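The file data-v1.csv contains CSV, C-alpha atoms:
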```
chain,number,residue,atom,x,y,z
A,1,MET,CA,33.6,20.6,23.8
A,2,ALA,CA,29.9,21.4,23.8
A,3,THR,CA,27.6,18.5,24.7
A,4,LYS,CA,25.0,17.5,22.3
A,5,LYS,CA,22.1,15.1,22.4
A,6,PHE,CA,23.0,12.1,20.2
A,7,MET,CA,20.4,9.6,19.1
A,8,TYR,CA,21.2,6.2,17.6
A,9,VAL,CA,18.1,4.7,15.9
A,10,ASN,CA,18.2,0.9,15.5
A,11,ARG,CA,15.7,-0.7,13.2
A,12,LYS,CA,17.3,-4.0,12.1
A,13,ALA,CA,17.4,-7.4,13.6
A,14,PRO,CA,21.0,-8.6,14.6
A,15,TYR,CA,23.1,-11.0,12.7
A,16,GLY,CA,21.2,-11.0,9.4
A,17,THR,CA,22.9,-7.7,8.5
A,18,VAL,CA,25.8,-5.9,10.1
A,19,TYR,CA,23.8,-2.8,11.1
A,20,ALA,CA,23.2,-3.7,14.7
A,21,LEU,CA,26.9,-4.5,15.4
A,22,GLU,CA,28.1,-1.4,13.6
A,23,SER,CA,25.7,0.8,15.6
A,24,LEU,CA,26.8,-0.6,18.9
A,25,GLU,CA,30.5,0.0,18.0
A,26,VAL,CA,29.8,3.6,17.0
A,27,VAL,CA,27.8,4.2,20.2
A,28,LEU,CA,30.8,3.0,22.3
A,29,ILE,CA,33.1,5.3,20.4
A,30,ALA,CA,30.8,8.3,20.7
A,31,ALA,CA,30.3,7.6,24.4
A,32,ALA,CA,34.0,8.1,25.0
A,33,PHE,CA,33.6,11.7,23.9
A,34,GLU,CA,31.1,12.3,26.8
A,35,GLN,CA,28.1,13.3,24.7
A,36,GLU,CA,24.5,12.8,25.8
A,37,VAL,CA,23.8,9.5,24.1
A,38,SER,CA,20.4,7.8,23.7
A,39,LEU,CA,19.5,4.7,21.8
A,40,ALA,CA,16.1,4.0,20.1
A,41,PHE,CA,15.0,0.4,19.3
A,42,ILE,CA,12.2,0.6,16.7
A,43,ASP,CA,10.7,-2.0,14.3
A,44,ASP,CA,13.1,-5.1,14.0
A,45,GLY,CA,15.6,-3.2,16.2
A,46,VAL,CA,13.9,-4.6,19.2
A,47,TYR,CA,15.4,-8.0,18.5
A,48,GLN,CA,18.9,-6.5,19.2
A,49,ILE,CA,18.3,-6.5,22.9
A,50,ALA,CA,16.2,-9.7,23.1
A,51,LYS,CA,17.3,-11.9,25.9
A,52,GLY,CA,18.6,-15.4,25.5
A,53,GLN,CA,20.4,-14.9,22.2
A,54,ASN,CA,22.5,-18.0,21.4
A,55,THR,CA,24.6,-17.9,18.2
A,56,ASP,CA,26.2,-21.3,18.6
A,57,GLY,CA,24.1,-22.6,15.7
A,58,ILE,CA,25.1,-19.9,13.2
A,59,GLY,CA,28.8,-19.6,13.8
A,60,MET,CA,28.7,-15.8,14.5
A,61,LYS,CA,29.9,-13.8,17.5
A,62,ASN,CA,27.1,-13.1,20.1
A,63,PHE,CA,27.6,-9.5,20.9
A,64,SER,CA,24.4,-9.0,22.9
A,65,SER,CA,26.2,-9.0,26.2
A,66,THR,CA,28.0,-5.8,25.1
A,67,TYR,CA,24.8,-3.8,25.6
A,68,ASN,CA,25.3,-4.4,29.4
A,69,ALA,CA,28.6,-2.4,29.2
A,70,LEU,CA,26.8,0.8,27.9
A,71,GLY,CA,25.9,1.8,31.5
A,72,ASP,CA,29.6,2.1,32.3
A,73,TYR,CA,29.9,4.8,29.6
A,74,GLU,CA,26.9,6.7,31.0
A,75,VAL,CA,24.7,5.4,28.1
A,76,ASN,CA,21.6,4.6,30.0
A,77,LYS,CA,18.7,5.7,27.9
A,78,LEU,CA,17.6,2.8,25.8
A,79,TYR,CA,14.2,3.6,24.5
A,80,VAL,CA,12.1,0.6,23.1
A,81,GLU,CA,8.9,1.2,21.2
A,82,LYS,CA,6.0,-0.7,22.7
A,83,GLU,CA,4.1,-1.1,19.4
A,84,SER,CA,7.2,-2.6,17.7
A,85,LEU,CA,7.3,-5.3,20.5
A,86,GLU,CA,3.6,-6.0,20.2
A,87,GLU,CA,3.6,-6.3,16.4
A,88,ARG,CA,6.2,-9.0,16.8
A,89,GLY,CA,4.5,-11.0,19.5
A,90,LEU,CA,7.0,-9.7,22.1
A,91,THR,CA,6.7,-8.0,25.5
A,92,ALA,CA,9.2,-6.1,27.8
A,93,ASP,CA,9.9,-9.5,29.5
A,94,ASP,CA,11.6,-10.7,26.3
A,95,LEU,CA,14.3,-8.0,26.6
A,96,MET,CA,17.6,-8.3,28.5
A,97,PRO,CA,17.6,-6.6,31.9
A,98,ILE,CA,20.2,-4.0,31.0
A,99,MET,CA,21.1,-1.9,34.0
A,100,TRP,CA,23.3,1.1,34.9
A,101,GLU,CA,24.7,2.3,38.3
A,102,ASP,CA,23.8,5.8,39.5
A,103,GLU,CA,26.8,7.3,41.2
A,104,ASP,CA,24.6,10.0,42.7
A,105,GLU,CA,22.6,7.4,44.5
A,106,ASP,CA,25.4,5.3,46.0
A,107,TRP,CA,25.7,3.3,42.7
A,108,ALA,CA,22.2,2.1,42.9
A,109,GLU,CA,21.3,-0.2,40.0
A,110,LYS,CA,18.6,1.2,37.7
A,111,PRO,CA,17.1,-0.2,34.4
A,112,SER,CA,18.4,1.4,31.2
A,113,VAL,CA,15.6,0.0,29.1
A,114,ARG,CA,12.6,2.3,28.9
A,115,ILE,CA,9.5,1.1,27.1
A,116,VAL,CA,7.7,4.0,25.3
A,117,SER,CA,4.8,4.4,23.1
A,118,ARG,CA,5.1,5.3,19.4
A,119,ALA,CA,3.9,8.8,20.1
A,120,GLU,CA,6.4,9.2,22.9
A,121,MET,CA,9.2,7.9,20.7
A,122,ALA,CA,8.3,10.5,18.1
A,123,ASP,CA,8.7,13.2,20.7
A,124,ILE,CA,12.0,11.7,21.9
A,125,LEU,CA,13.4,11.6,18.3
A,126,ALA,CA,12.3,15.2,17.8
A,127,GLU,CA,14.2,16.6,20.7
A,128,GLN,CA,17.6,15.2,19.5
A,129,GLU,CA,20.4,17.3,18.0
A,130,VAL,CA,22.2,14.6,16.1
A,131,THR,CA,20.6,11.4,14.8
A,132,TYR,CA,22.4,8.4,13.4
A,133,SER,CA,20.3,5.8,11.6
A,134,PHE,CA,21.1,2.1,11.5
B,1,MET,CA,6.8,-31.4,-8.3
B,2,SER,CA,7.1,-29.6,-5.0
B,3,MET,CA,9.2,-26.5,-4.6
B,4,LEU,CA,11.3,-25.3,-1.6
B,5,HIS,CA,10.9,-21.6,-1.0
B,6,ILE,CA,13.7,-20.0,1.0
B,7,VAL,CA,13.1,-16.7,2.7
B,8,ASN,CA,15.8,-14.8,4.5
B,9,LYS,CA,14.3,-11.3,5.0
B,10,SER,CA,12.3,-10.2,8.1
B,11,PRO,CA,8.6,-10.3,7.2
B,12,PHE,CA,8.3,-7.0,9.3
B,13,GLU,CA,10.8,-5.2,7.1
B,14,ARG,CA,10.4,-6.5,3.6
B,15,ASN,CA,7.6,-8.1,1.6
B,16,ALA,CA,9.7,-11.2,0.6
B,17,MET,CA,7.7,-13.4,2.9
B,18,ASP,CA,4.4,-12.0,1.9
B,19,SER,CA,5.2,-12.4,-1.8
B,20,CYS,CA,6.4,-15.9,-1.2
B,21,LEU,CA,3.2,-16.9,0.7
B,22,LYS,CA,1.2,-15.5,-2.2
B,23,HIS,CA,3.1,-17.5,-4.8
B,24,ALA,CA,3.8,-20.8,-3.1
B,25,ARG,CA,1.5,-23.6,-4.2
B,26,GLU,CA,-0.2,-26.4,-2.4
B,27,GLY,CA,2.3,-29.0,-1.2
B,28,ASP,CA,5.3,-26.6,-1.3
B,29,ALA,CA,7.8,-26.2,1.5
B,30,ILE,CA,8.7,-22.8,2.9
B,31,LEU,CA,11.9,-22.4,4.9
B,32,MET,CA,12.6,-19.3,7.0
B,33,ILE,CA,16.3,-18.5,7.6
B,34,GLU,CA,18.4,-15.6,8.8
B,35,ASP,CA,16.2,-12.5,9.6
B,36,ALA,CA,13.1,-14.3,8.3
B,37,ALA,CA,13.3,-16.7,11.3
B,38,VAL,CA,11.6,-14.1,13.6
B,39,GLY,CA,8.5,-14.6,11.5
B,40,ALA,CA,8.0,-18.0,13.1
B,41,VAL,CA,7.1,-16.6,16.5
B,42,ASP,CA,3.4,-16.7,17.4
B,43,GLY,CA,1.4,-13.7,18.3
B,44,SER,CA,2.8,-11.3,15.7
B,45,THR,CA,1.0,-9.4,13.0
B,46,ILE,CA,2.0,-11.9,10.4
B,47,ALA,CA,1.3,-15.1,12.4
B,48,GLY,CA,-2.2,-15.3,10.7
B,49,ASP,CA,-0.7,-15.4,7.2
B,50,ILE,CA,1.7,-18.2,8.3
B,51,LYS,CA,-1.1,-20.2,9.9
B,52,ALA,CA,-3.1,-19.9,6.7
B,53,ALA,CA,-0.2,-21.2,4.7
B,54,LEU,CA,0.2,-24.2,7.0
B,55,ALA,CA,-3.2,-25.4,5.8
B,56,ASP,CA,-1.7,-26.8,2.6
B,57,LYS,CA,2.0,-26.2,2.8
B,58,THR,CA,4.8,-27.2,5.2
B,59,VAL,CA,6.7,-24.4,6.9
B,60,TYR,CA,10.2,-24.7,8.5
B,61,VAL,CA,12.5,-22.4,10.4
B,62,LEU,CA,16.2,-22.8,10.8
B,63,GLY,CA,16.7,-23.3,14.6
B,64,GLY,CA,20.1,-21.6,14.8
B,65,ASP,CA,18.8,-18.4,13.3
B,66,LEU,CA,15.8,-18.5,15.8
B,67,ALA,CA,18.1,-19.0,18.8
B,68,ALA,CA,20.5,-16.3,17.7
B,69,ARG,CA,17.7,-13.7,17.8
B,70,GLY,CA,16.7,-14.8,21.3
B,71,MET,CA,13.5,-16.6,20.2
B,72,SER,CA,12.9,-20.0,21.9
B,73,GLU,CA,11.4,-22.9,20.0
B,74,ASP,CA,8.5,-23.2,22.4
B,75,ARG,CA,6.9,-19.9,21.2
B,76,ILE,CA,6.8,-20.6,17.5
B,77,ILE,CA,3.5,-21.2,15.6
B,78,ASP,CA,2.1,-24.7,16.0
B,79,GLY,CA,2.9,-26.7,12.9
B,80,ILE,CA,6.1,-25.0,12.0
B,81,LYS,CA,9.0,-27.5,12.0
B,82,VAL,CA,12.4,-26.5,13.3
B,83,VAL,CA,15.4,-27.8,11.2
B,84,ASP,CA,19.2,-27.5,11.5
B,85,TYR,CA,21.6,-27.2,8.6
B,86,ALA,CA,21.4,-30.9,7.9
B,87,GLY,CA,17.6,-30.6,7.7
B,88,PHE,CA,18.1,-27.6,5.4
B,89,VAL,CA,20.1,-29.8,3.0
B,90,ASP,CA,17.5,-32.6,3.3
B,91,LEU,CA,14.8,-30.1,2.2
B,92,THR,CA,16.8,-29.1,-0.9
B,93,VAL,CA,17.0,-32.9,-1.8
B,94,GLU,CA,13.3,-33.7,-1.0
B,95,ASN,CA,12.0,-30.9,-3.1
B,96,GLU,CA,12.5,-31.0,-6.8
B,97,LYS,CA,13.2,-27.3,-7.1
B,98,THR,CA,14.3,-24.4,-4.9
B,99,GLN,CA,13.5,-20.8,-5.1
B,100,SER,CA,15.0,-18.1,-2.9
B,101,TRP,CA,13.0,-14.9,-2.1
B,102,VAL,CA,15.9,-12.5,-1.4
```

Written as structure tokens, that's how I'd like the structure from this file.
Amino acid sequence: MATKKFMYVNRKAPYGTVYALESLEVVLIAAAFEQEVSLAFIDDGVYQIAKGQNTDGIGMKNFSSTYNALGDYEVNKLYVEKESLEERGLTADDLMPIMWEDEDEDWAEKPSVRIVSRAEMADILAEQEVTYSF
Amino acid sequence: MSMLHIVNKSPFERNAMDSCLKHAREGDAILMIEDAAVGAVDGSTIAGDIKAALADKTVYVLGGDLAARGMSEDRIIDGIKVVDYAGFVDLTVENEKTQSWV
């Protein structure tokens, strides 16, 4: 099967709607087909990978730790838009330290989260072959 | 004759909060729940609007919704009060009427 560049665009906060969880589930399925998968976190999507999520008070399953499993499926390009963070009073320090292990470098741990500017995000989105929007 | 305004949409995605702030009157209470809870964090593009509302209205945020989205209570705008579900119920009792901005 030919490999294509798949992009999952995440623009919703988690828990208030089901978009974030649905996106994550589809990403995990697609990853099993060994496609080149990237994730973009734009607008309210940045809250999906905010660290310290605690859902005890709302009676919903906290699925944020699942993002840490993406590296095991070679999904290690999580692009986060800098302007989206800033507009929400957030910085890169507010995000979970999601890592992946590079088997070409003796399984060295490397960060999956890449903070990019809005202009860079536009370029990244433009170079994809298949885009899914959530 | 105060009213409790309940907002559940992110202020960065929809105009529900903006519209609520423009219609709420002096002495009213505004409660941010679900995705609206992220609007309580200071330093955002809408923080100024919330601070202006605090001059003559009370603003609340549901703590559980804030925590679910990874936002700690120590970074919310000064003057916003954190409530739990029991506090939510109290607000509906304390205010004569309730309006949801869905």

Enumerate, in order of chain and increasing residue number, the residues of chain A with an atom no farther than 8 Å from chain B, each with its shortest atom pair and distance in Å to one decimal, counting all atoms listed in the file, as a Markdown table.
```
| residue | atom | partner | partner_atom | distance |
| --- | --- | --- | --- | --- |
| A:Ala13 | CA | B:Asp35 | CA | 6.6 |
| A:Pro14 | CA | B:Arg69 | CA | 6.9 |
| A:Tyr15 | CA | B:Glu34 | CA | 7.6 |
| A:Gly16 | CA | B:Asp35 | CA | 5.2 |
| A:Asp43 | CA | B:Phe12 | CA | 7.5 |
| A:Asp44 | CA | B:Phe12 | CA | 7.0 |
| A:Tyr47 | CA | B:Arg69 | CA | 6.2 |
| A:Gln48 | CA | B:Arg69 | CA | 7.4 |
| A:Ala50 | CA | B:Gly70 | CA | 5.4 |
| A:Lys51 | CA | B:Gly70 | CA | 5.5 |
| A:Gly52 | CA | B:Gly70 | CA | 4.6 |
| A:Gln53 | CA | B:Gly70 | CA | 3.8 |
| A:Asn54 | CA | B:Ala68 | CA | 4.5 |
| A:Thr55 | CA | B:Ala68 | CA | 4.4 |
| A:Asp56 | CA | B:Gly64 | CA | 7.2 |
| A:Gly57 | CA | B:Gly64 | CA | 4.2 |
| A:Ile58 | CA | B:Gly64 | CA | 5.5 |
| A:Asn62 | CA | B:Ala68 | CA | 7.7 |
| A:Glu86 | CA | B:Ser44 | CA | 7.0 |
| A:Glu87 | CA | B:Ser44 | CA | 5.1 |
| A:Arg88 | CA | B:Ser44 | CA | 4.2 |
| A:Gly89 | CA | B:Ser44 | CA | 4.2 |
| A:Leu90 | CA | B:Ser44 | CA | 7.8 |
```

Pick from A:Leu125, A:Pro111, A:Phe6, A:Thr66 nearest to Ile42 (chain A), counting all atoms listed in the file
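Ranking A:Leu125, A:Pro111, A:Phe6, A:Thr66 by distance to Ile42 (chain A), first place goes to A:Leu125.
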
How many Å separate CA of Asp49 (chain B) from CA of Gly27 (chain B)?
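CA of Asp49 (chain B) sits 16.3 Å away from CA of Gly27 (chain B).
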
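As for CA of Ala119 (chain A) and CA of Phe41 (chain A), they are spaced 13.9 Å apart.
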
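Put simply, CA of Ser112 (chain A) is 7.5 Å away from CA of Gly71 (chain A).
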
List the spatial neighbours of Met1 (chain B) as a short mmCIF file (atom, residue, chain, number, x, y, z; two decimals) with C-alpha atoms, in the frame of the given file - criterion: any atom at most 9 Å away, all atoms listed in the file, same-chain residues fewer than 3 positions off excluded.
```cif
data_model
loop_
_atom_site.label_atom_id
_atom_site.label_comp_id
_atom_site.auth_asym_id
_atom_site.auth_seq_id
_atom_site.Cartn_x
_atom_site.Cartn_y
_atom_site.Cartn_z
CA GLY B 27 2.30 -29.00 -1.20
CA ASP B 28 5.30 -26.60 -1.30
CA ASN B 95 12.00 -30.90 -3.10
CA GLU B 96 12.50 -31.00 -6.80
CA LYS B 97 13.20 -27.30 -7.10
#
```

Env of Lys22 (chain B): 12 Å cut, atoms = only C-alpha atoms, seq-sep filter 5 positions within chain, self excluded. Answer as a ChimeraX atom specification.
/B:5,15-17,28,30,49-50,52-53,57,101

Considering only C-alpha atoms, return as an MDAnalysis selection string whatever protein or nucleic-acid residues lie within 10 Å of region 22-31 of chain A, sequence-local ones (same chain, fewer than 6 positions apart) excluded.
chainID A and resid 6:10 37:39 48 63:64 66:67 69:70 72:75 132:134

Nearest to Val46 (chain A) among A:Arg11, A:Lys61, A:Lys77, A:Lys110, with distances taken over only C-alpha atoms: which residue is it?
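Residue with the minimum atom-to-atom distance to Val46 (chain A): A:Arg11.
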
Can I get region 43-77 of chain B with N, CA and C atoms filled in, as a PDB file, in the coordinates of the input?
```pdb
ATOM      1  N   GLY B  43       1.882 -14.908  17.704  1.00  0.00           N
ATOM      2  CA  GLY B  43       1.400 -13.700  18.300  1.00  0.00           C
ATOM      3  C   GLY B  43       1.753 -12.415  17.600  1.00  0.00           C
ATOM      4  N   SER B  44       2.407 -12.538  16.458  1.00  0.00           N
ATOM      5  CA  SER B  44       2.800 -11.300  15.700  1.00  0.00           C
ATOM      6  C   SER B  44       1.733 -10.958  14.693  1.00  0.00           C
ATOM      7  N   THR B  45       1.959  -9.830  14.041  1.00  0.00           N
ATOM      8  CA  THR B  45       1.000  -9.400  13.000  1.00  0.00           C
ATOM      9  C   THR B  45       0.981 -10.223  11.783  1.00  0.00           C
ATOM     10  N   ILE B  46       2.017 -11.056  11.588  1.00  0.00           N
ATOM     11  CA  ILE B  46       2.000 -11.900  10.400  1.00  0.00           C
ATOM     12  C   ILE B  46       1.722 -13.357  10.695  1.00  0.00           C
ATOM     13  N   ALA B  47       1.508 -13.664  11.975  1.00  0.00           N
ATOM     14  CA  ALA B  47       1.300 -15.100  12.400  1.00  0.00           C
ATOM     15  C   ALA B  47       0.043 -15.640  11.635  1.00  0.00           C
ATOM     16  N   GLY B  48      -0.970 -14.816  11.417  1.00  0.00           N
ATOM     17  CA  GLY B  48      -2.200 -15.300  10.700  1.00  0.00           C
ATOM     18  C   GLY B  48      -1.882 -15.765   9.316  1.00  0.00           C
ATOM     19  N   ASP B  49      -1.027 -15.035   8.623  1.00  0.00           N
ATOM     20  CA  ASP B  49      -0.700 -15.400   7.200  1.00  0.00           C
ATOM     21  C   ASP B  49       0.089 -16.738   7.218  1.00  0.00           C
ATOM     22  N   ILE B  50       0.968 -16.922   8.200  1.00  0.00           N
ATOM     23  CA  ILE B  50       1.700 -18.200   8.300  1.00  0.00           C
ATOM     24  C   ILE B  50       0.805 -19.345   8.572  1.00  0.00           C
ATOM     25  N   LYS B  51      -0.116 -19.128   9.515  1.00  0.00           N
ATOM     26  CA  LYS B  51      -1.100 -20.200   9.900  1.00  0.00           C
ATOM     27  C   LYS B  51      -1.931 -20.579   8.685  1.00  0.00           C
ATOM     28  N   ALA B  52      -2.307 -19.590   7.890  1.00  0.00           N
ATOM     29  CA  ALA B  52      -3.100 -19.900   6.700  1.00  0.00           C
ATOM     30  C   ALA B  52      -2.306 -20.732   5.720  1.00  0.00           C
ATOM     31  N   ALA B  53      -1.013 -20.438   5.605  1.00  0.00           N
ATOM     32  CA  ALA B  53      -0.200 -21.200   4.700  1.00  0.00           C
ATOM     33  C   ALA B  53       0.000 -22.638   5.139  1.00  0.00           C
ATOM     34  N   LEU B  54      -0.032 -22.843   6.462  1.00  0.00           N
ATOM     35  CA  LEU B  54       0.200 -24.200   7.000  1.00  0.00           C
ATOM     36  C   LEU B  54      -0.983 -25.140   6.633  1.00  0.00           C
ATOM     37  N   ALA B  55      -2.088 -24.605   6.165  1.00  0.00           N
ATOM     38  CA  ALA B  55      -3.200 -25.400   5.800  1.00  0.00           C
ATOM     39  C   ALA B  55      -2.884 -26.397   4.656  1.00  0.00           C
ATOM     40  N   ASP B  56      -2.042 -25.931   3.709  1.00  0.00           N
ATOM     41  CA  ASP B  56      -1.700 -26.800   2.600  1.00  0.00           C
ATOM     42  C   ASP B  56      -0.250 -26.795   2.178  1.00  0.00           C
ATOM     43  N   LYS B  57       0.584 -26.203   3.035  1.00  0.00           N
ATOM     44  CA  LYS B  57       2.000 -26.200   2.800  1.00  0.00           C
ATOM     45  C   LYS B  57       2.759 -26.548   4.072  1.00  0.00           C
ATOM     46  N   THR B  58       4.020 -26.935   3.951  1.00  0.00           N
ATOM     47  CA  THR B  58       4.800 -27.200   5.200  1.00  0.00           C
ATOM     48  C   THR B  58       5.735 -25.971   5.358  1.00  0.00           C
ATOM     49  N   VAL B  59       5.890 -25.572   6.619  1.00  0.00           N
ATOM     50  CA  VAL B  59       6.700 -24.400   6.900  1.00  0.00           C
ATOM     51  C   VAL B  59       7.785 -24.821   7.922  1.00  0.00           C
ATOM     52  N   TYR B  60       9.003 -24.395   7.636  1.00  0.00           N
ATOM     53  CA  TYR B  60      10.200 -24.700   8.500  1.00  0.00           C
ATOM     54  C   TYR B  60      10.894 -23.460   8.874  1.00  0.00           C
ATOM     55  N   VAL B  61      11.626 -23.558   9.985  1.00  0.00           N
ATOM     56  CA  VAL B  61      12.500 -22.400  10.400  1.00  0.00           C
ATOM     57  C   VAL B  61      13.834 -23.037  10.815  1.00  0.00           C
ATOM     58  N   LEU B  62      14.895 -22.324  10.479  1.00  0.00           N
ATOM     59  CA  LEU B  62      16.200 -22.800  10.800  1.00  0.00           C
ATOM     60  C   LEU B  62      16.478 -22.427  12.318  1.00  0.00           C
ATOM     61  N   GLY B  63      16.644 -23.490  13.131  1.00  0.00           N
ATOM     62  CA  GLY B  63      16.700 -23.300  14.600  1.00  0.00           C
ATOM     63  C   GLY B  63      17.830 -22.384  15.044  1.00  0.00           C
ATOM     64  N   GLY B  64      18.974 -22.465  14.412  1.00  0.00           N
ATOM     65  CA  GLY B  64      20.100 -21.600  14.800  1.00  0.00           C
ATOM     66  C   GLY B  64      19.820 -20.146  14.638  1.00  0.00           C
ATOM     67  N   ASP B  65      19.098 -19.808  13.585  1.00  0.00           N
ATOM     68  CA  ASP B  65      18.800 -18.400  13.300  1.00  0.00           C
ATOM     69  C   ASP B  65      17.712 -17.899  14.342  1.00  0.00           C
ATOM     70  N   LEU B  66      16.832 -18.790  14.746  1.00  0.00           N
ATOM     71  CA  LEU B  66      15.800 -18.500  15.800  1.00  0.00           C
ATOM     72  C   LEU B  66      16.514 -18.182  17.097  1.00  0.00           C
ATOM     73  N   ALA B  67      17.402 -19.085  17.499  1.00  0.00           N
ATOM     74  CA  ALA B  67      18.100 -19.000  18.800  1.00  0.00           C
ATOM     75  C   ALA B  67      19.005 -17.730  18.825  1.00  0.00           C
ATOM     76  N   ALA B  68      19.634 -17.419  17.693  1.00  0.00           N
ATOM     77  CA  ALA B  68      20.500 -16.300  17.700  1.00  0.00           C
ATOM     78  C   ALA B  68      19.800 -14.979  17.979  1.00  0.00           C
ATOM     79  N   ARG B  69      18.507 -14.939  17.612  1.00  0.00           N
ATOM     80  CA  ARG B  69      17.700 -13.700  17.800  1.00  0.00           C
ATOM     81  C   ARG B  69      16.911 -13.807  19.136  1.00  0.00           C
ATOM     82  N   GLY B  70      17.279 -14.750  19.997  1.00  0.00           N
ATOM     83  CA  GLY B  70      16.700 -14.800  21.300  1.00  0.00           C
ATOM     84  C   GLY B  70      15.282 -15.415  21.373  1.00  0.00           C
ATOM     85  N   MET B  71      14.848 -16.038  20.277  1.00  0.00           N
ATOM     86  CA  MET B  71      13.500 -16.600  20.200  1.00  0.00           C
ATOM     87  C   MET B  71      13.542 -18.101  20.493  1.00  0.00           C
ATOM     88  N   SER B  72      12.882 -18.558  21.564  1.00  0.00           N
ATOM     89  CA  SER B  72      12.900 -20.000  21.900  1.00  0.00           C
ATOM     90  C   SER B  72      11.911 -20.748  21.048  1.00  0.00           C
ATOM     91  N   GLU B  73      12.202 -22.033  20.854  1.00  0.00           N
ATOM     92  CA  GLU B  73      11.400 -22.900  20.000  1.00  0.00           C
ATOM     93  C   GLU B  73       9.951 -23.061  20.528  1.00  0.00           C
ATOM     94  N   ASP B  74       9.779 -22.899  21.853  1.00  0.00           N
ATOM     95  CA  ASP B  74       8.500 -23.200  22.400  1.00  0.00           C
ATOM     96  C   ASP B  74       7.438 -22.058  22.143  1.00  0.00           C
ATOM     97  N   ARG B  75       7.877 -20.990  21.501  1.00  0.00           N
ATOM     98  CA  ARG B  75       6.900 -19.900  21.200  1.00  0.00           C
ATOM     99  C   ARG B  75       6.608 -19.751  19.737  1.00  0.00           C
ATOM    100  N   ILE B  76       7.060 -20.706  18.925  1.00  0.00           N
ATOM    101  CA  ILE B  76       6.800 -20.600  17.500  1.00  0.00           C
ATOM    102  C   ILE B  76       5.366 -21.138  17.207  1.00  0.00           C
ATOM    103  N   ILE B  77       4.840 -20.758  16.074  1.00  0.00           N
ATOM    104  CA  ILE B  77       3.500 -21.200  15.600  1.00  0.00           C
ATOM    105  C   ILE B  77       3.399 -22.669  15.553  1.00  0.00           C
TER     106      ILE B  77
END
```
